[in-house]
Amino acid sequence: MITPPTATNTAPIIRLRNVSKTYKVGEVEIPALRNVNLEIPPASFIVIVGVSGSGKTTLLNLIGGIDKPTSGQVIVDSEDVSKKHSSELVKFRRQKIGFVFQASNLLSTLTVEENVEAGLELLPLSNKQIIERTTRYLLAVGIEDKRKKFPFQLSGGDQQRAAITRALAREPKIVLADEPTGQLDERTGYKIVDLMKIGVIYCGATVVIVTHNEEIAKMADMIVRLKDGQVAEIRKKS
Ligand SMILES: Nc1ncnc2c1ncn2[C@@H]1O[C@H](COP(=O)(O)OP(=O)(O)OP(=O)(O)O)[C@@H](O)[C@H]1O
Ligand SMILES: [Mg+2]
């Protein structure tokens, strides 16, 4: 019998081995991450928590190939991100990572649907496929009725929905979100992150979210708590 892949019986999609990151500001060294070891299973919903300055953004940046570790290995989907040159990292991010930021980062001169379509332009899709996929994800995230609106015509929650649509529509293997609900009220924030689970369910993406929202943390398959740049706790859903 063939067993479908689950979060427990497949190799990790993200693996950090003894990762340290030290920022240098002039002569001063700031240790942001210290000897972090972490394995994240594919198609899982991961929440990173920890007080300000504990290293959460640094961790996401290393996974997403925005920055490189000072030492250790960051392996994402069997690729060693820590060894890549910046041009290779651009390709890696484009192919595998979807980012959602605290502010939605939508292009203000484009409508919602144009923002989503812009994210699909570099993929090998025909125009017809781009339109079809845009509509499918706008419907899934529940903002299809706002497709012709410009970002300034939307509420903060809908702007974030549009940004999530843009990230998910590319069907990346990994979606990284740094406090995506930071500017929203708790209830809207909860609903928005619930939508990100569409990424996990629809296309088997792994979603890694930094959040302070306890309700969101409860949704996670795994909670990683950082403290002073180290993994203080890993809690898995039983
Ligand atoms: N580009 C940088 N240059 C120098 N120091 C940095 C830089 N980025 C982060 N740091 C430092 O590294 C440590 C970890 O920062 P990081 O931004 O990863 O924390 P965080 O957990 O995301 O915090 P917050 O909740 O406030 O966003 C902090 O001491 C921070 O001041
Ligand atoms: Mg941060």
# chains A, B, ... in the order shown; residues from 1 in each chain; ligands from 1
>>> closest_atom_pairs(of="chain A", to="ligand 2", cutoff="9 Å", atoms="only C-alpha atoms and all ligand atoms", output="tab-separated table")
residue	atom	partner	partner_atom_place_in_ligand_line	distance
A:Ser52	CA	ligand 2	1 (Mg)	6.8
A:Gly53	CA	ligand 2	1 (Mg)	7.0
A:Ser54	CA	ligand 2	1 (Mg)	8.3
A:Gly55	CA	ligand 2	1 (Mg)	7.0
A:Lys56	CA	ligand 2	1 (Mg)	5.5
A:Thr57	CA	ligand 2	1 (Mg)	4.1
A:Thr58	CA	ligand 2	1 (Mg)	7.2
A:Leu60	CA	ligand 2	1 (Mg)	8.9
A:Asp178	CA	ligand 2	1 (Mg)	6.8
A:Glu179	CA	ligand 2	1 (Mg)	7.6
A:Val210	CA	ligand 2	1 (Mg)	7.8
>>> residues_near_ligand(ligand="ligand 1", cutoff="12 Å", atoms="only C-alpha atoms and all ligand atoms", output="number ranges by chain")
A: 20-34, 48-62, 66-68, 101-102, 177-180, 182, 209-212, 224-231
>>> write_last_selection(atoms="N, CA and C atoms", output="short mmCIF file (atom, residue, chain, number, x, y, z; two decimals), in the first residue's frame")
data_model
loop_
_atom_site.label_atom_id
_atom_site.label_comp_id
_atom_site.auth_asym_id
_atom_site.auth_seq_id
_atom_site.Cartn_x
_atom_site.Cartn_y
_atom_site.Cartn_z
N SER A 20 24.43 29.81 13.00
CA SER A 20 24.63 31.03 13.77
C SER A 20 24.66 32.22 12.82
N LYS A 21 24.14 33.33 13.30
CA LYS A 21 24.19 34.56 12.51
C LYS A 21 24.60 35.70 13.43
N THR A 22 25.70 36.34 13.06
CA THR A 22 26.18 37.48 13.83
C THR A 22 26.22 38.69 12.91
N TYR A 23 25.53 39.75 13.29
CA TYR A 23 25.61 40.99 12.51
C TYR A 23 26.80 41.78 13.02
N LYS A 24 27.47 42.46 12.11
CA LYS A 24 28.58 43.31 12.52
C LYS A 24 28.21 44.75 12.24
N VAL A 25 28.21 45.55 13.28
CA VAL A 25 27.96 46.97 13.09
C VAL A 25 29.23 47.69 13.55
N GLY A 26 30.04 48.10 12.58
CA GLY A 26 31.36 48.65 12.91
C GLY A 26 32.17 47.56 13.59
N GLU A 27 32.63 47.86 14.80
CA GLU A 27 33.43 46.88 15.54
C GLU A 27 32.56 45.97 16.40
N VAL A 28 31.28 46.33 16.48
CA VAL A 28 30.40 45.61 17.41
C VAL A 28 29.78 44.39 16.74
N GLU A 29 29.83 43.26 17.42
CA GLU A 29 29.20 42.05 16.89
C GLU A 29 27.91 41.77 17.65
N ILE A 30 26.85 41.57 16.88
CA ILE A 30 25.55 41.30 17.51
C ILE A 30 25.12 39.88 17.15
N PRO A 31 25.17 38.98 18.13
CA PRO A 31 24.74 37.61 17.82
C PRO A 31 23.21 37.55 17.74
N ALA A 32 22.69 37.22 16.56
CA ALA A 32 21.23 37.18 16.38
C ALA A 32 20.71 35.75 16.49
N LEU A 33 21.48 34.79 15.99
CA LEU A 33 21.11 33.38 16.13
C LEU A 33 22.34 32.61 16.59
N ARG A 34 22.12 31.66 17.48
CA ARG A 34 23.26 30.90 18.00
C ARG A 34 22.98 29.40 17.95
N ILE A 48 6.55 30.75 14.46
CA ILE A 48 7.74 31.13 15.22
C ILE A 48 7.32 32.22 16.20
N VAL A 49 7.62 32.02 17.47
CA VAL A 49 7.31 33.03 18.48
C VAL A 49 8.58 33.38 19.26
N GLY A 50 8.50 34.46 20.02
CA GLY A 50 9.65 34.90 20.81
C GLY A 50 9.59 36.41 20.97
N VAL A 51 10.23 36.92 22.02
CA VAL A 51 10.17 38.36 22.28
C VAL A 51 10.95 39.12 21.20
N SER A 52 10.75 40.44 21.18
CA SER A 52 11.45 41.28 20.22
C SER A 52 12.96 41.11 20.38
N GLY A 53 13.63 40.92 19.25
CA GLY A 53 15.09 40.76 19.28
C GLY A 53 15.56 39.33 19.47
N SER A 54 14.62 38.38 19.54
CA SER A 54 15.02 36.99 19.79
C SER A 54 15.56 36.29 18.54
N GLY A 55 15.37 36.91 17.36
CA GLY A 55 15.98 36.35 16.15
C GLY A 55 14.99 35.81 15.13
N LYS A 56 13.71 36.13 15.31
CA LYS A 56 12.66 35.56 14.43
C LYS A 56 12.83 35.99 12.96
N THR A 57 12.98 37.31 12.76
CA THR A 57 13.12 37.81 11.39
C THR A 57 14.42 37.28 10.77
N THR A 58 15.46 37.25 11.56
CA THR A 58 16.74 36.73 11.06
C THR A 58 16.57 35.29 10.58
N LEU A 59 15.85 34.50 11.35
CA LEU A 59 15.61 33.10 10.98
C LEU A 59 14.86 33.01 9.65
N LEU A 60 13.80 33.79 9.51
CA LEU A 60 13.03 33.77 8.25
C LEU A 60 13.91 34.22 7.07
N ASN A 61 14.71 35.26 7.30
CA ASN A 61 15.57 35.76 6.22
C ASN A 61 16.57 34.71 5.75
N LEU A 62 17.05 33.90 6.69
CA LEU A 62 18.00 32.85 6.31
C LEU A 62 17.30 31.74 5.53
N ILE A 66 17.35 35.52 1.92
CA ILE A 66 17.53 36.98 1.87
C ILE A 66 18.88 37.31 2.50
N ASP A 67 19.31 36.45 3.39
CA ASP A 67 20.58 36.66 4.08
C ASP A 67 21.27 35.30 4.25
N LYS A 68 22.55 35.33 4.60
CA LYS A 68 23.28 34.07 4.76
C LYS A 68 23.76 33.91 6.20
N PHE A 101 4.68 40.13 3.91
CA PHE A 101 5.30 41.02 4.90
C PHE A 101 4.25 41.65 5.79
N GLN A 102 4.73 42.39 6.80
CA GLN A 102 3.82 43.01 7.76
C GLN A 102 2.90 44.02 7.08
N ALA A 177 6.10 34.33 6.25
CA ALA A 177 5.34 35.52 6.60
C ALA A 177 5.83 36.08 7.92
N ASP A 178 6.31 37.33 7.88
CA ASP A 178 6.85 37.97 9.09
C ASP A 178 5.79 38.90 9.67
N GLU A 179 5.17 38.48 10.74
CA GLU A 179 4.10 39.24 11.39
C GLU A 179 3.08 39.78 10.38
N PRO A 180 2.49 38.90 9.59
CA PRO A 180 1.57 39.38 8.54
C PRO A 180 0.31 40.01 9.10
N GLY A 182 0.38 41.95 11.90
CA GLY A 182 0.83 42.94 12.87
C GLY A 182 0.01 44.22 12.87
N ILE A 209 5.26 31.20 9.80
CA ILE A 209 4.75 32.51 10.18
C ILE A 209 5.37 32.97 11.50
N VAL A 210 5.79 34.21 11.53
CA VAL A 210 6.17 34.84 12.79
C VAL A 210 4.95 35.59 13.30
N THR A 211 4.57 35.33 14.53
CA THR A 211 3.40 36.03 15.07
C THR A 211 3.45 36.15 16.58
N HIS A 212 2.74 37.17 17.08
CA HIS A 212 2.58 37.31 18.53
C HIS A 212 1.18 36.87 18.94
N VAL A 224 7.73 27.05 17.25
CA VAL A 224 9.16 27.16 17.59
C VAL A 224 9.33 28.44 18.39
N ARG A 225 9.79 28.32 19.62
CA ARG A 225 9.99 29.51 20.44
C ARG A 225 11.48 29.85 20.48
N LEU A 226 11.80 31.08 20.06
CA LEU A 226 13.19 31.53 20.11
C LEU A 226 13.41 32.39 21.35
N LYS A 227 14.60 32.24 21.90
CA LYS A 227 14.97 33.08 23.04
C LYS A 227 16.45 33.40 22.92
N ASP A 228 16.77 34.66 22.90
CA ASP A 228 18.18 35.09 22.76
C ASP A 228 18.90 34.38 21.62
N GLY A 229 18.21 34.23 20.50
CA GLY A 229 18.86 33.63 19.33
C GLY A 229 18.99 32.12 19.37
N GLN A 230 18.35 31.50 20.33
CA GLN A 230 18.41 30.03 20.40
C GLN A 230 17.01 29.45 20.41
N VAL A 231 16.90 28.19 19.98
CA VAL A 231 15.60 27.53 20.05
C VAL A 231 15.37 27.12 21.50
#
>>> closest_residue(among="A:Leu154, A:Leu195, A:Ile164, A:Asn18", to="A:Leu176", atoms="only C-alpha atoms")
A:Ile164
>>> closest_residue(among="A:Thr135, A:Ala162, A:Lys91, A:Lys96", to="A:Asn115", atoms="only C-alpha atoms")
A:Ala162
>>> closest_residue(among="A:Pro172, A:Ala103, A:Lys146, A:Phe45", to="A:Met219", atoms="only C-alpha atoms")
A:Phe45
>>> atom_distance(atom1="atom CA of A:Ala232", atom2="atom CA of A:Met196")
25.7 Å
>>> atom_distance(atom1="atom CA of A:Ser82", atom2="atom CA of A:Ile14")
12.4 Å
>>> closest_residue(among="A:Arg166, A:Arg161, A:Lys148, A:Lys197", to="A:Gly119", atoms="only C-alpha atoms")
A:Arg166
>>> closest_residue(among="A:Thr206, A:Asn35, A:Thr134, A:Thr109", to="A:Gly72", atoms="only C-alpha atoms")
A:Asn35
>>> select_by_dssp(residues="stretch 32-136 of chain A", states="strand (DSSP E or B)", output="PyMOL selection string")
chain A and resi 32-40+45-49+71-76+79-80+97-100
>>> write_last_selection(atoms="C-alpha atoms", output="PDB file, in the first residue's frame")
ATOM      1  CA  ALA A  32      21.230  37.182  16.381  1.00  0.00           C
ATOM      2  CA  LEU A  33      21.105  33.378  16.134  1.00  0.00           C
ATOM      3  CA  ARG A  34      23.260  30.903  17.999  1.00  0.00           C
ATOM      4  CA  ASN A  35      23.653  27.227  17.051  1.00  0.00           C
ATOM      5  CA  VAL A  36      20.140  26.765  15.817  1.00  0.00           C
ATOM      6  CA  ASN A  37      19.136  23.257  14.782  1.00  0.00           C
ATOM      7  CA  LEU A  38      15.696  22.889  13.287  1.00  0.00           C
ATOM      8  CA  GLU A  39      13.827  20.516  11.026  1.00  0.00           C
ATOM      9  CA  ILE A  40      10.551  21.539   9.419  1.00  0.00           C
ATOM     10  CA  PHE A  45       2.048  25.106   9.243  1.00  0.00           C
ATOM     11  CA  ILE A  46       4.816  26.435  11.490  1.00  0.00           C
ATOM     12  CA  VAL A  47       4.656  29.354  13.878  1.00  0.00           C
ATOM     13  CA  ILE A  48       7.741  31.132  15.216  1.00  0.00           C
ATOM     14  CA  VAL A  49       7.313  33.032  18.480  1.00  0.00           C
ATOM     15  CA  SER A  71      28.204  29.595  10.121  1.00  0.00           C
ATOM     16  CA  GLY A  72      26.195  26.421   9.721  1.00  0.00           C
ATOM     17  CA  GLN A  73      23.981  25.137   6.951  1.00  0.00           C
ATOM     18  CA  VAL A  74      20.535  26.161   5.782  1.00  0.00           C
ATOM     19  CA  ILE A  75      19.077  23.467   3.554  1.00  0.00           C
ATOM     20  CA  VAL A  76      15.809  24.234   1.832  1.00  0.00           C
ATOM     21  CA  GLU A  79      19.397  23.055  -1.702  1.00  0.00           C
ATOM     22  CA  ASP A  80      22.124  24.479   0.506  1.00  0.00           C
ATOM     23  CA  ILE A  97       9.600  31.072  -1.804  1.00  0.00           C
ATOM     24  CA  GLY A  98       6.558  33.261  -1.362  1.00  0.00           C
ATOM     25  CA  PHE A  99       6.914  36.183   1.029  1.00  0.00           C
ATOM     26  CA  VAL A 100       4.173  37.971   2.950  1.00  0.00           C
TER      27      VAL A 100
END
>>> select_by_dssp(residues="chain A", states="helix (DSSP H, G or I)", output="ChimeraX atom specification")
/A:56-63,81-83,86-96,112-120,127-141,144-146,151-153,156-169,186-203,214-219
>>> closest_residue(among="A:Ser44, A:Thr70, A:Gln160, A:Ser87", to="A:Asn105", atoms="only C-alpha atoms")
A:Gln160
>>> atom_distance(atom1="atom CA of A:Leu125", atom2="atom CA of A:Lys149")
24.0 Å
